[in-house]
Structure formats: structure tokens, C-alpha cells
>>> print(open('coords06.cif').read())   # mmCIF, C-alpha atoms and all ligand atoms
data_run
#
loop_
_atom_site.label_atom_id
_atom_site.label_comp_id
_atom_site.auth_asym_id
_atom_site.auth_seq_id
_atom_site.Cartn_x
_atom_site.Cartn_y
_atom_site.Cartn_z
CA MET V 274 -69.48 -27.91 106.74
CA MET V 275 -69.66 -27.66 102.96
CA ARG V 276 -66.25 -27.06 101.34
CA LYS V 277 -65.98 -23.82 99.40
CA CYS V 278 -63.50 -22.94 96.67
CA GLY V 279 -61.00 -20.34 97.90
CA GLY V 280 -61.00 -18.71 94.47
CA CYS V 281 -64.67 -18.46 93.50
CA ASP V 282 -66.71 -19.58 96.55
CA HIS V 283 -68.45 -22.35 94.59
CA THR V 284 -69.04 -25.64 96.39
CA ASP V 285 -68.54 -27.96 93.42
CA LEU V 286 -65.19 -29.41 94.59
CA GLN V 287 -63.93 -32.86 93.65
CA SER V 288 -61.30 -34.75 95.67
CA LEU V 289 -58.25 -35.75 93.58
CA PHE V 290 -56.02 -37.59 96.08
CA SER V 291 -54.64 -37.49 99.62
CA LEU V 292 -51.02 -37.65 100.84
CA GLY V 293 -52.15 -38.42 104.40
CA ASP V 294 -51.63 -36.38 107.57
CA ILE V 295 -48.30 -34.51 107.56
CA PRO V 296 -46.98 -31.86 110.00
CA PRO V 297 -46.08 -28.42 108.58
CA VAL V 298 -43.07 -29.19 106.38
CA ASN V 299 -41.00 -26.20 107.50
CA ALA V 300 -41.46 -26.88 111.23
CA PHE V 301 -38.10 -28.55 111.93
CA LEU V 302 -38.07 -29.80 115.50
CA LEU V 303 -35.79 -29.94 118.47
CA PRO V 304 -35.92 -33.44 120.00
CA SER V 305 -37.87 -32.00 122.96
CA GLU V 306 -40.61 -30.72 120.62
CA VAL V 307 -41.45 -34.08 119.05
CA LYS V 308 -44.21 -34.90 121.53
CA ASN V 309 -46.20 -31.78 120.62
CA GLU V 310 -46.09 -32.33 116.88
CA ILE V 311 -49.41 -32.32 115.00
CA GLY V 312 -50.10 -33.61 111.48
CA TYR V 313 -52.67 -32.02 109.18
CA PRO V 314 -54.40 -33.66 106.22
CA LEU V 315 -53.00 -33.03 102.75
CA GLU V 316 -55.88 -33.69 100.39
CA LEU V 317 -56.14 -32.02 97.01
CA PHE V 318 -59.42 -30.82 95.47
CA PHE V 319 -60.38 -29.49 92.04
CA CYS V 320 -62.97 -26.73 91.57
CA LYS V 321 -65.21 -27.44 88.62
CA GLU V 322 -66.22 -23.78 88.34
CA CYS V 323 -62.85 -21.93 88.21
CA THR V 324 -60.53 -25.01 87.77
CA LEU V 325 -58.46 -24.05 90.83
CA ILE V 326 -56.62 -26.97 92.46
CA GLN V 327 -56.52 -26.52 96.22
CA LEU V 328 -56.06 -28.17 99.58
CA GLY V 329 -59.24 -29.15 101.36
CA ASP V 330 -58.08 -28.03 104.79
CA CYS V 331 -55.89 -25.07 105.64
CA VAL V 332 -53.42 -24.96 108.50
CA PRO V 333 -53.83 -21.60 110.30
CA PRO V 334 -51.20 -19.34 108.63
CA GLU V 335 -49.92 -18.19 112.06
CA LYS V 336 -48.73 -21.77 112.58
CA LEU V 337 -46.81 -21.76 109.30
CA PHE V 338 -45.32 -18.32 108.85
CA SER V 339 -44.88 -16.61 112.21
CA ASN V 340 -41.46 -18.09 112.89
CA TYR V 341 -40.25 -18.94 109.43
CA LEU V 342 -36.94 -20.75 108.92
CA HIS V 343 -36.70 -20.28 105.18
CA LEU V 344 -34.44 -17.29 104.52
CA SER V 345 -34.37 -15.70 101.08
CA SER V 346 -30.63 -15.28 101.47
CA ALA V 347 -29.99 -18.92 102.45
CA SER V 348 -29.27 -20.24 98.98
CA GLU V 349 -26.93 -18.75 96.42
CA SER V 350 -29.26 -19.63 93.54
CA ASN V 351 -32.17 -17.93 95.29
CA ILE V 352 -30.09 -14.77 95.78
CA GLN V 353 -29.26 -14.90 92.06
CA HIS V 354 -32.94 -15.28 91.27
CA LEU V 355 -33.87 -12.26 93.40
CA LYS V 356 -31.16 -10.18 91.68
CA GLU V 357 -32.68 -11.17 88.38
CA VAL V 358 -36.18 -10.26 89.61
CA ALA V 359 -34.93 -6.80 90.67
CA ASP V 360 -33.43 -6.25 87.20
CA TRP V 361 -36.61 -7.52 85.57
CA VAL V 362 -38.75 -5.04 87.51
CA ALA V 363 -36.33 -2.20 86.74
CA GLU V 364 -36.29 -3.03 83.01
CA ARG V 365 -40.05 -3.43 82.81
CA ASP V 366 -40.54 0.12 83.95
CA SER V 367 -39.81 2.29 80.93
CA LYS V 368 -39.92 5.45 83.03
CA LYS V 369 -37.19 4.10 85.32
CA LEU V 370 -37.80 3.01 88.86
CA GLN V 371 -36.21 6.12 90.30
CA ASP V 372 -38.58 7.75 92.82
CA LYS V 373 -41.13 4.99 92.28
CA LYS V 374 -42.69 3.39 95.34
CA VAL V 375 -42.21 -0.34 95.59
CA LEU V 376 -43.98 -2.73 97.96
CA GLU V 377 -43.02 -6.34 98.43
CA ILE V 378 -45.63 -8.62 99.96
CA GLY V 379 -43.94 -11.44 101.86
CA SER V 380 -40.61 -9.62 101.89
CA ASN V 381 -38.87 -12.32 103.96
CA ASP V 382 -35.42 -11.11 105.09
CA GLY V 383 -35.44 -8.11 102.74
CA THR V 384 -33.04 -9.57 100.17
CA LEU V 385 -35.08 -8.60 97.08
CA LEU V 386 -35.89 -5.12 98.39
CA SER V 387 -32.23 -4.53 99.19
CA PHE V 388 -31.49 -5.15 95.48
CA LEU V 389 -34.39 -2.91 94.41
CA LYS V 390 -32.94 -0.18 96.62
CA ASN V 391 -30.23 0.19 93.97
CA HIS V 392 -32.99 1.53 91.70
CA THR V 393 -35.25 3.46 94.08
CA ALA V 394 -35.06 4.53 97.71
CA ASN V 395 -38.80 4.05 98.26
CA VAL V 396 -39.08 0.39 99.17
CA VAL V 397 -41.30 -1.12 101.85
CA GLY V 398 -41.89 -4.72 102.82
CA MET V 399 -44.63 -6.58 104.65
CA ASP V 400 -44.10 -10.02 106.14
CA PRO V 401 -45.76 -11.83 109.05
CA ALA V 402 -42.57 -13.43 110.40
CA GLN V 403 -41.16 -11.52 113.40
CA ASN V 404 -37.77 -13.18 113.15
CA LEU V 405 -37.34 -12.13 109.50
CA ALA V 406 -38.26 -8.48 110.02
CA ALA V 407 -35.18 -8.12 112.22
CA GLU V 408 -33.02 -9.54 109.41
CA ALA V 409 -34.60 -7.12 106.92
CA LYS V 410 -33.93 -4.19 109.22
CA LYS V 411 -30.23 -5.10 109.21
CA ARG V 412 -30.38 -4.68 105.42
CA GLY V 413 -31.96 -1.26 105.83
CA VAL V 414 -35.35 -2.41 104.56
CA ARG V 415 -38.44 -0.99 106.29
CA THR V 416 -40.77 -3.88 107.07
CA TYR V 417 -44.30 -4.08 108.46
CA THR V 418 -44.86 -7.28 110.43
CA ASP V 419 -48.28 -8.49 109.33
CA PHE V 420 -50.16 -10.72 106.90
CA PHE V 421 -51.02 -8.70 103.81
CA LEU V 422 -54.81 -8.93 103.45
CA GLN V 423 -57.53 -6.47 102.50
CA GLU V 424 -57.68 -4.87 105.95
CA SER V 425 -53.94 -4.60 106.64
CA ALA V 426 -53.43 -3.37 103.06
CA ALA V 427 -55.95 -0.55 103.58
CA LYS V 428 -54.12 0.46 106.77
CA LEU V 429 -50.80 0.39 104.95
CA VAL V 430 -52.16 2.65 102.19
CA LYS V 431 -53.34 5.15 104.82
CA THR V 432 -49.76 5.41 106.13
CA GLU V 433 -47.71 4.94 102.96
CA GLY V 434 -50.07 5.86 100.11
CA GLN V 435 -50.47 3.68 97.00
CA PHE V 436 -47.57 1.95 95.25
CA ASP V 437 -46.25 2.06 91.68
CA TRP V 438 -44.98 -1.49 91.92
CA ILE V 439 -46.10 -4.41 94.03
CA VAL V 440 -44.09 -7.62 94.00
CA ALA V 441 -45.21 -10.87 95.62
CA LEU V 442 -43.01 -13.92 95.16
CA ASN V 443 -44.41 -17.26 96.31
CA VAL V 444 -47.05 -15.59 98.43
CA VAL V 445 -50.38 -15.79 96.58
CA PRO V 446 -50.44 -19.63 96.40
CA HIS V 447 -49.55 -19.73 100.13
CA THR V 448 -52.39 -17.52 101.34
CA PRO V 449 -55.69 -19.24 102.25
CA GLN V 450 -57.53 -15.91 101.78
CA PHE V 451 -55.71 -15.07 98.57
CA ILE V 452 -58.75 -13.24 97.18
CA SER V 453 -58.52 -10.85 100.15
CA LEU V 454 -54.77 -10.45 99.47
CA LEU V 455 -55.43 -9.60 95.81
CA LYS V 456 -58.23 -7.17 96.71
CA GLY V 457 -55.80 -5.52 99.13
CA ALA V 458 -53.18 -5.32 96.38
CA ARG V 459 -55.74 -3.84 93.97
CA GLY V 460 -56.43 -1.12 96.55
CA ALA V 461 -52.73 -0.51 97.16
CA LEU V 462 -51.82 -0.26 93.47
CA ALA V 463 -51.61 3.30 92.11
CA PRO V 464 -53.29 4.09 88.77
CA GLY V 465 -50.89 2.96 86.02
CA GLY V 466 -49.05 0.81 88.56
CA ARG V 467 -47.80 -2.70 87.95
CA MET V 468 -47.80 -5.82 90.04
CA MET V 469 -45.71 -8.92 89.55
CA ILE V 470 -46.36 -12.26 91.19
CA GLU V 471 -44.52 -15.54 91.02
CA GLY V 472 -45.55 -18.93 92.27
CA ALA V 473 -45.06 -22.61 91.63
CA TYR V 474 -46.60 -23.64 88.31
CA VAL V 475 -47.09 -27.27 89.06
CA VAL V 476 -50.41 -28.38 87.66
CA GLU V 477 -48.61 -30.06 84.79
CA THR V 478 -46.08 -31.72 87.09
CA ILE V 479 -48.91 -32.97 89.30
CA LEU V 480 -50.41 -34.38 86.11
CA ASN V 481 -47.10 -36.20 85.66
CA GLY V 482 -47.29 -37.71 89.14
CA GLN V 483 -44.87 -35.30 90.81
CA PHE V 484 -46.51 -34.65 94.17
CA ASP V 485 -43.74 -33.04 96.23
CA THR V 486 -44.91 -29.46 95.72
CA ILE V 487 -48.11 -30.34 97.56
CA TYR V 488 -47.81 -29.17 101.14
CA HIS V 489 -49.72 -26.99 103.56
CA GLU V 490 -47.96 -23.77 102.58
CA HIS V 491 -49.10 -24.32 98.99
CA VAL V 492 -52.79 -23.98 99.57
CA TYR V 493 -53.36 -23.33 95.87
CA ASN V 494 -51.85 -24.88 92.76
CA PHE V 495 -52.62 -22.29 90.12
CA SER V 496 -53.02 -22.80 86.44
CA ILE V 497 -53.11 -19.65 84.34
CA HIS V 498 -56.81 -20.41 83.88
CA SER V 499 -57.57 -20.30 87.59
CA LEU V 500 -55.33 -17.23 88.12
CA ASN V 501 -57.04 -15.40 85.30
CA TYR V 502 -60.45 -16.18 86.79
CA ALA V 503 -59.37 -14.83 90.21
CA MET V 504 -57.76 -11.66 88.79
CA LYS V 505 -60.94 -10.73 86.93
CA ARG V 506 -62.89 -11.20 90.14
CA VAL V 507 -60.74 -8.71 92.11
CA GLY V 508 -60.38 -6.01 89.45
CA LEU V 509 -56.90 -6.87 88.20
CA GLN V 510 -55.88 -7.95 84.70
CA ILE V 511 -53.06 -10.16 83.49
CA LEU V 512 -50.84 -8.25 81.02
CA ASP V 513 -48.17 -10.85 80.53
CA VAL V 514 -47.19 -14.28 81.74
CA GLU V 515 -43.99 -16.28 81.51
CA ILE V 516 -43.20 -19.78 82.68
CA ILE V 517 -39.76 -19.72 84.34
CA PRO V 518 -37.50 -22.51 85.70
CA THR V 519 -37.50 -21.27 89.31
CA GLN V 520 -38.06 -23.95 91.98
CA GLY V 521 -38.88 -26.54 89.35
CA THR V 522 -41.32 -24.49 87.31
CA SER V 523 -42.96 -21.20 88.23
CA PHE V 524 -45.27 -18.67 86.66
CA ARG V 525 -44.31 -15.01 86.54
CA VAL V 526 -47.35 -12.86 85.94
CA LEU V 527 -47.44 -9.13 85.24
CA LEU V 528 -50.64 -7.45 86.41
CA ALA V 529 -52.29 -4.07 86.18
CA ARG V 530 -55.53 -2.60 87.46
CA ASP V 531 -58.50 -3.43 85.25
CA ASP V 532 -58.85 0.29 84.43
CA ASP V 533 -55.38 0.27 82.82
CA PRO V 534 -55.49 0.74 79.04
CA GLU V 535 -52.58 -1.61 78.23
CA GLN V 536 -53.55 -4.78 76.37
CA ALA V 537 -52.42 -8.28 77.34
CA SER V 538 -49.52 -9.75 75.38
CA GLY V 539 -50.08 -12.80 73.19
CA ASN V 540 -48.50 -15.01 75.87
CA LEU V 541 -51.67 -15.14 77.94
CA LYS V 542 -53.82 -16.49 75.12
CA LYS V 543 -51.10 -18.93 74.08
CA LEU V 544 -50.71 -20.39 77.57
CA LEU V 545 -54.44 -20.68 78.12
CA GLY V 546 -54.62 -22.67 74.89
CA GLU V 547 -51.74 -24.94 75.93
CA GLU V 548 -53.32 -25.63 79.31
CA LYS V 549 -56.57 -26.70 77.68
CA GLN V 550 -54.68 -28.98 75.31
CA LYS V 551 -52.72 -30.64 78.15
CA GLY V 552 -55.88 -31.35 80.10
CA MET V 553 -54.90 -29.08 82.99
CA THR V 554 -58.48 -27.89 83.33
CA ASP V 555 -59.97 -31.34 82.95
CA VAL V 556 -60.79 -33.29 86.08
CA LYS V 557 -60.43 -36.67 84.34
CA THR V 558 -56.80 -36.02 83.36
CA LEU V 559 -56.06 -34.95 86.92
CA ALA V 560 -57.67 -38.05 88.38
CA LYS V 561 -55.30 -40.21 86.30
CA ALA V 562 -52.29 -38.60 88.01
CA ALA V 563 -53.46 -40.05 91.31
CA GLU V 564 -52.58 -43.56 90.12
CA LYS V 565 -48.94 -42.60 89.45
CA ILE V 566 -48.70 -40.86 92.79
CA LYS V 567 -50.03 -43.89 94.64
CA ALA V 568 -47.37 -46.11 93.02
CA PHE V 569 -44.38 -43.89 93.87
CA PRO V 570 -43.56 -44.84 97.52
CA ASP V 571 -43.07 -48.54 96.70
CA GLN V 572 -40.85 -47.68 93.73
CA LEU V 573 -38.63 -45.37 95.80
CA LYS V 574 -38.36 -47.79 98.71
CA ALA V 575 -37.44 -50.70 96.43
CA LYS V 576 -34.67 -48.60 94.86
CA LEU V 577 -33.31 -47.50 98.24
CA LYS V 578 -33.28 -51.10 99.45
CA GLU V 579 -31.38 -52.23 96.37
CA LEU V 580 -28.77 -49.45 96.74
CA ARG V 581 -28.39 -50.01 100.49
CA LYS V 582 -27.50 -53.67 99.85
CA LYS V 583 -24.59 -52.62 97.62
CA SER V 584 -23.33 -49.88 99.95
CA ALA V 585 -21.02 -50.16 102.96
CA SER V 586 -22.67 -47.36 104.91
CA PRO V 587 -26.26 -46.19 105.51
CA ILE V 588 -27.82 -43.83 102.98
CA ILE V 589 -27.61 -40.07 103.59
CA GLY V 590 -30.22 -37.53 102.49
CA LEU V 591 -29.09 -34.41 100.64
CA GLY V 592 -31.04 -31.22 101.28
CA ALA V 593 -34.06 -30.87 103.55
CA PRO V 594 -36.34 -28.54 101.59
CA ALA V 595 -40.10 -28.53 102.08
CA ARG V 596 -40.59 -30.76 99.05
CA GLY V 597 -38.11 -33.25 100.48
CA VAL V 598 -40.07 -33.40 103.71
CA VAL V 599 -43.19 -34.24 101.67
CA ILE V 600 -41.36 -37.10 99.94
CA LEU V 601 -40.05 -38.42 103.27
CA ASN V 602 -43.46 -38.31 104.94
CA TYR V 603 -45.57 -39.59 102.07
CA CYS V 604 -43.14 -42.49 101.50
CA LYS V 605 -42.75 -42.96 105.28
CA LEU V 606 -38.94 -42.97 105.18
CA ASN V 607 -37.30 -42.79 108.61
CA THR V 608 -33.86 -43.23 110.22
CA ASP V 609 -33.81 -46.88 109.08
CA ASP V 610 -33.79 -45.57 105.50
CA LEU V 611 -31.70 -42.39 105.89
CA GLN V 612 -29.10 -42.08 108.64
CA TYR V 613 -29.20 -38.29 108.52
CA ILE V 614 -29.71 -35.41 106.08
CA ILE V 615 -27.14 -32.81 105.06
CA ASP V 616 -28.51 -29.28 104.63
CA ASP V 617 -26.66 -25.95 104.45
CA THR V 618 -29.37 -24.04 106.32
CA VAL V 619 -27.83 -23.46 109.73
CA LEU V 620 -31.29 -22.96 111.30
CA LYS V 621 -32.27 -26.51 110.31
CA GLN V 622 -29.08 -28.16 111.54
CA GLY V 623 -29.33 -29.95 114.88
CA ARG V 624 -33.07 -30.34 114.35
CA LEU V 625 -35.25 -33.20 113.16
CA THR V 626 -37.29 -33.30 109.96
CA PRO V 627 -41.04 -32.85 110.58
CA GLY V 628 -43.04 -36.07 110.82
CA VAL V 629 -40.33 -38.68 110.24
CA HIS V 630 -37.72 -37.16 112.61
CA ILE V 631 -34.51 -37.68 110.64
CA PRO V 632 -31.62 -35.57 112.04
CA VAL V 633 -30.35 -32.67 109.92
CA ALA V 634 -26.65 -31.80 109.99
CA GLY V 635 -23.98 -29.85 108.13
CA TRP V 636 -21.38 -31.28 105.74
CA ASP V 637 -18.87 -31.67 108.57
CA HIS V 638 -21.14 -33.94 110.62
CA ALA V 639 -19.20 -37.10 109.71
CA PRO V 640 -16.54 -38.15 107.19
CA ILE V 641 -18.13 -39.40 103.98
CA GLN V 642 -16.84 -42.75 102.73
CA PRO V 643 -16.16 -43.59 99.08
CA GLY V 644 -19.17 -45.32 97.54
CA GLN V 645 -21.63 -43.36 99.68
CA VAL V 646 -25.25 -43.43 98.49
CA PHE V 647 -27.27 -40.20 98.74
CA LEU V 648 -30.96 -39.54 98.24
CA LEU V 649 -31.19 -36.08 96.68
CA LEU V 650 -34.20 -34.47 98.32
CA SER V 651 -33.49 -30.99 96.94
CA TRP V 652 -33.58 -32.44 93.44
CA ASN V 653 -34.56 -29.08 91.94
CA TYR V 654 -31.02 -27.91 92.83
CA ARG V 655 -29.54 -30.94 91.12
CA LYS V 656 -26.73 -29.14 89.26
CA GLU V 657 -25.75 -27.07 92.30
CA MET V 658 -25.66 -30.21 94.46
CA ILE V 659 -23.58 -32.29 92.03
CA LYS V 660 -21.13 -29.39 91.83
CA LYS V 661 -20.87 -29.32 95.63
CA LEU V 662 -20.23 -33.07 95.77
CA ASN V 663 -17.53 -32.76 93.10
CA GLN V 664 -15.90 -29.85 94.93
CA ARG V 665 -15.73 -32.05 98.02
CA GLN V 666 -14.28 -34.86 95.90
CA ILE V 667 -17.01 -37.20 97.04
CA GLN V 668 -17.38 -40.43 95.12
CA GLY V 669 -20.60 -42.40 95.22
CA THR V 670 -24.15 -42.62 93.94
CA LEU V 671 -26.93 -40.07 93.88
CA LEU V 672 -30.55 -41.23 93.76
CA ILE V 673 -32.74 -38.51 92.27
CA PRO V 674 -36.50 -38.88 92.83
CA PHE V 675 -37.89 -36.47 90.21
CA PRO V 676 -38.77 -35.78 87.44
CA HIS V 677 -37.99 -39.50 87.04
CA LEU V 678 -36.45 -41.85 89.60
CA GLU V 679 -32.82 -41.87 88.45
CA GLU V 680 -29.39 -43.05 89.65
CA VAL V 681 -26.36 -40.83 88.95
CA LYS V 682 -22.71 -41.76 89.60
CA ILE V 683 -20.60 -39.00 91.12
CA GLY V 684 -16.83 -38.55 91.43
ZN ZN H 1 -63.42 -22.17 92.19
#
>>> encode(input="coords06.cif", output="C-alpha cells", more="lines below")
Ligand SMILES: [Zn+2]
Amino acid sequence: MMRKCGGCDHTDLQSLFSLGDIPPVNAFLLPSEVKNEIGYPLELFFCKECTLIQLGDCVPPEKLFSNYLHLSSASESNIQHLKEVADWVAERDSKKLQDKKVLEIGSNDGTLLSFLKNHTANVVGMDPAQNLAAEAKKRGVRTYTDFFLQESAAKLVKTEGQFDWIVALNVVPHTPQFISLLKGARGALAPGGRMMIEGAYVVETILNGQFDTIYHEHVYNFSIHSLNYAMKRVGLQILDVEIIPTQGTSFRVLLARDDDPEQASGNLKKLLGEEKQKGMTDVKTLAKAAEKIKAFPDQLKAKLKELRKKSASPIIGLGAPARGVVILNYCKLNTDDLQYIIDDTVLKQGRLTPGVHIPVAGWDHAPIQPGQVFLLLSWNYRKEMIKKLNQRQIQGTLLIPFPHLEEVKIG
């Protein structure tokens, strides 16, 4: 079957590189589940028509999001971020949020909507994960359990009416049929309404050889160019765009219906210009990144080997986020390389990392010896992690994979 671009339906797709077959990176396993594990290809393509960078094959979303272990409320810095998002939405609305109707697409455990409830009582969430809807209910957040697409959106509007605000954080890049999602959002947005989306802004980091944001959940790696193309197609317009330091780097885009009279801020034009200059829309620049990415596993393994020789005990992984699972699988690190991984997410503890099957445990799993070497897999929470190590008076070495392979002494 001919591959089609998920953004514009054109068939002019060029392969950039492949990370191999990797199981869904959030599917942490019980030992008994290992035998049923399936890997899916992670190959990245570039669309020459709309410049959208995308995976060639999609894992059925039901497999990824129906029993989701990533809770919004699991990390303190994520809670802080969601508080900030709630304030941002409230401040953006000059007429105050009071009595406004707010919809969150991909509302997870209801954390963001529970903050927005301080501004308006009319909040509704939609999320496909059954297990999270129960958590949201505990927070008093009404949640529809479904994937938000054109059809489910139309049904929702029949019941709830249109919305003054729609928020979707890290949802659009995760949705294979994101055009259907956006069309649904266009239909659910009231005249004069606003929509805000956030997602990983990683085209530049991919250009720099940083591959760990590439996994099945991230079907699309948007540039502002490719987002802008898609928005025009579905009848939405970008009013403003910011690049923010969430989860590495993210875009935050403010949208309105295309019949809204407000003009786009200068930020849109500025960013489009910068992207052109950096080669983010140029397939040749992207192809060069593949060389760096191919060289990374040998560099990391050589460094781990060198550190292991100097250390009395086996190396421990720190954090088991999705991006860490990509690093582990692409570099084929296993229990010979990392004895176990420490992660605060209780739902991951006692399970094995997808693909390479390294056990995940809490901080109390075993006493940590002086001189311990750690591989920091959640390197985007670097400051938070170093603070935690210092609080625990741990002395040793931290190997940080990105943005550059780096050794940091702690304690
Ligand atoms: Zn396209």
C-alpha cells in the first residue's frame, strides 16, 4: 500500500531513518507478560508537500492509550506546568473565564481541569483511558471516555453544546488521525472561541541527533510550518505561538476559527522564518541528522563501559520515561548494562521496561553505595533529579545522554 501523509494525504514521503522495532514505550510489563510482547517499527518519514515529519506505521491507538500509566499528577513539575497552563488560559481570556465552557481533549486524570475549575465551573474532559477517568472523577471532573475525533466530537457537541475554550496538551502529535481531531475541534469551538494546543517541538532537536522523542505515541513531529498547513486545511488559524521549555522543548499554539477577525501576532511569521533558516523544512538537512543518530549507541555504550570499570557496583538507571525506553531499546541496553531503574511512578515499579526488560523499582529498593554510577534517562528533569540525589546525600556520578553525552559528579 502506498504511504500517505497524515497531514495532507500526499504520497511524496521520504524515509529519514529507522530506530528498529520497539514495543510501545509506555507498556511496562509484569514478568508474566514478556512472552506476549510485540515490537513495532519506528521509522521516520518526511512529507515533501506539507513538510510534516511522521512515523511510517502507526500502532493502533487502543493499544497505546486504553490503559495508560502516565498520570498528569505523577510528577511535581508536571503539576506545576498544568497550574501555569490554567493561569495562562485564564489570563488570555480578557472577559474572564467565569461561566465559560472549557473542554480538555486528552484530559488524563483531570489535573488541569481541576485547576481550571477555580476559574469556571463548566469544565468537561474527554480521554480514552478507562483507568484515568476514574481518577478524574475523584477530582470532580466530568470525563467522557473516548478518543476525540470528528464523530465523537459531533456527538459531544450534541450533548454539551460548543465550547469557548478547548485545550489539548500533548494530544495532537499523538493522534494518527489528527486531521479528524482538528476538524472535530473546529466543530466544537464556539464562534469567538479559542483553542490552545501544546506538543513536543523537536524537529530542531532531531536535526541535532536527539532521537529519544521518537516513539509510537509521537506519530507526528510538528514544525510550525506543518502545523500551519494542517490548521488552514481544517478551518482553524494560528493566532500566536510560543516555544516553551516543557518536556525538553514544546510549542504552545493559540488557535481560533478561520472566521475569527483577530490577526496573528508577529510570533508566527518570526518562527516560520527561523524554521526555514535552520533547514527544518529541508529534507537534506534532516537526512544529515541520521548520521549522528546512527553513531550514538556506540558512544553511549563505550562511556558506560568506561564508567563501569571504575565503579564498585553495577550502574543504575534513573527515571523510566518514554524517552528513556527509546534510548534503552535503540542502544540495546539490558540488565548487563543497568542493574535496575529507579522511578517514582508507583504504577511502573515492580514491572519491566518494554523491550529490554530492565526491572523498575523505587528509591528504597536497595541501599546506594558511595561512588554509584547512574544513567539519567529522564534527562529532561535533570535539575529535579540532581536535587533529589543531593537530598538523599548520594555521592557518585551521573551520566547524562542529552543534549550532549555528559558526566556530572554528585555529592
Ligand atoms: Zn504532508
>>> closest_residue(input="coords06.cif", among="V:Leu580, V:Leu573, V:Leu611, V:Val396", to="His677 (chain V)", atoms="only C-alpha atoms")
V:Leu573
>>> residues_around(input="coords06.cif", residues="Ser453 (chain V)", least_positions_apart="5", cutoff="9 Å", atoms="all atoms listed in the file", output="number ranges by chain")
V: 421-424, 458, 507
>>> residues_around(input="coords06.cif", residues="Lys410 (chain V)", least_positions_apart="3", cutoff="12 Å", atoms="only C-alpha atoms", output="list in words")
Ser380, Asn381, Asp382, Gly383, Thr384, Leu386, Ser387, Val397, Gly398, Met399, Gln403, Asn404, Leu405, Ala406, Ala407, Gly413, Val414, Arg415, Thr416, Tyr417 and Thr418 of chain V
>>> atom_distance(input="coords06.cif", atom1="CA of Leu462 (chain V)", atom2="CA of Asp437 (chain V)")
6.3 Å
>>> closest_atom_pairs(input="coords06.cif", of="chain V", to="ligand ZN 1 (chain H)", cutoff="8 Å", atoms="all atoms listed in the file", output="CSV")
residue,atom,partner,partner_atom,distance
V:Lys277,CA,H:ZN1,ZN,7.8
V:Cys278,CA,H:ZN1,ZN,4.5
V:Gly279,CA,H:ZN1,ZN,6.5
V:Gly280,CA,H:ZN1,ZN,4.8
V:Cys281,CA,H:ZN1,ZN,4.1
V:Asp282,CA,H:ZN1,ZN,6.0
V:His283,CA,H:ZN1,ZN,5.6
V:Thr284,CA,H:ZN1,ZN,7.8
V:Asp285,CA,H:ZN1,ZN,7.8
V:Leu286,CA,H:ZN1,ZN,7.8
V:Phe319,CA,H:ZN1,ZN,7.9
V:Cys320,CA,H:ZN1,ZN,4.6
V:Lys321,CA,H:ZN1,ZN,6.6
V:Glu322,CA,H:ZN1,ZN,5.0
V:Cys323,CA,H:ZN1,ZN,4.0
V:Thr324,CA,H:ZN1,ZN,6.0
V:Leu325,CA,H:ZN1,ZN,5.5
V:Ser499,CA,H:ZN1,ZN,7.7
>>> atom_distance(input="coords06.cif", atom1="CA of Asn607 (chain V)", atom2="CA of Ile588 (chain V)")
11.1 Å
>>> decode(input="coords06.cif", residues="region 578-583 of chain V", atoms="all heavy atoms", output="compact mmCIF listing (two decimals), in the first residue's frame")
# COMPACT_ATOMS: atom_id res chain seq x y z
N LYS V 578 30.74 1.53 29.61
CA LYS V 578 31.77 0.52 29.86
C LYS V 578 32.92 1.12 30.67
O LYS V 578 33.39 0.53 31.65
CB LYS V 578 32.29 0.01 28.51
CG LYS V 578 32.77 -1.43 28.53
CD LYS V 578 33.05 -1.89 27.11
CE LYS V 578 34.02 -3.05 27.13
NZ LYS V 578 34.47 -3.39 25.76
N GLU V 579 33.33 2.31 30.26
CA GLU V 579 34.42 3.01 30.93
C GLU V 579 34.05 3.31 32.39
O GLU V 579 34.84 3.08 33.31
CB GLU V 579 34.69 4.31 30.15
CG GLU V 579 35.76 5.21 30.71
CD GLU V 579 35.64 6.62 30.12
OE1 GLU V 579 35.35 6.74 28.90
OE2 GLU V 579 35.82 7.59 30.88
N LEU V 580 32.83 3.79 32.63
CA LEU V 580 32.39 4.13 33.98
C LEU V 580 32.22 2.89 34.84
O LEU V 580 32.51 2.89 36.03
CB LEU V 580 31.08 4.93 33.94
CG LEU V 580 31.19 6.36 33.42
CD1 LEU V 580 29.82 6.97 33.19
CD2 LEU V 580 31.98 7.23 34.41
N ARG V 581 31.73 1.81 34.23
CA ARG V 581 31.51 0.57 34.98
C ARG V 581 32.82 0.02 35.51
O ARG V 581 32.89 -0.51 36.62
CB ARG V 581 30.82 -0.46 34.07
CG ARG V 581 30.60 -1.83 34.70
CD ARG V 581 29.60 -1.75 35.85
NE ARG V 581 29.46 -3.02 36.57
CZ ARG V 581 30.14 -3.34 37.67
NH1 ARG V 581 31.05 -2.50 38.17
NH2 ARG V 581 29.93 -4.50 38.28
N LYS V 582 33.89 0.16 34.71
CA LYS V 582 35.22 -0.32 35.12
C LYS V 582 35.69 0.36 36.39
O LYS V 582 36.35 -0.23 37.23
CB LYS V 582 36.24 -0.06 33.99
CG LYS V 582 36.33 -1.21 33.00
CD LYS V 582 37.46 -0.97 32.02
CE LYS V 582 37.34 -1.91 30.84
NZ LYS V 582 38.08 -1.39 29.67
N LYS V 583 35.35 1.65 36.53
CA LYS V 583 35.82 2.44 37.68
C LYS V 583 34.92 2.27 38.90
O LYS V 583 35.24 2.73 39.98
CB LYS V 583 35.85 3.93 37.30
CG LYS V 583 36.92 4.28 36.29
CD LYS V 583 37.00 5.81 36.16
CE LYS V 583 36.91 6.24 34.71
NZ LYS V 583 36.58 7.64 34.53
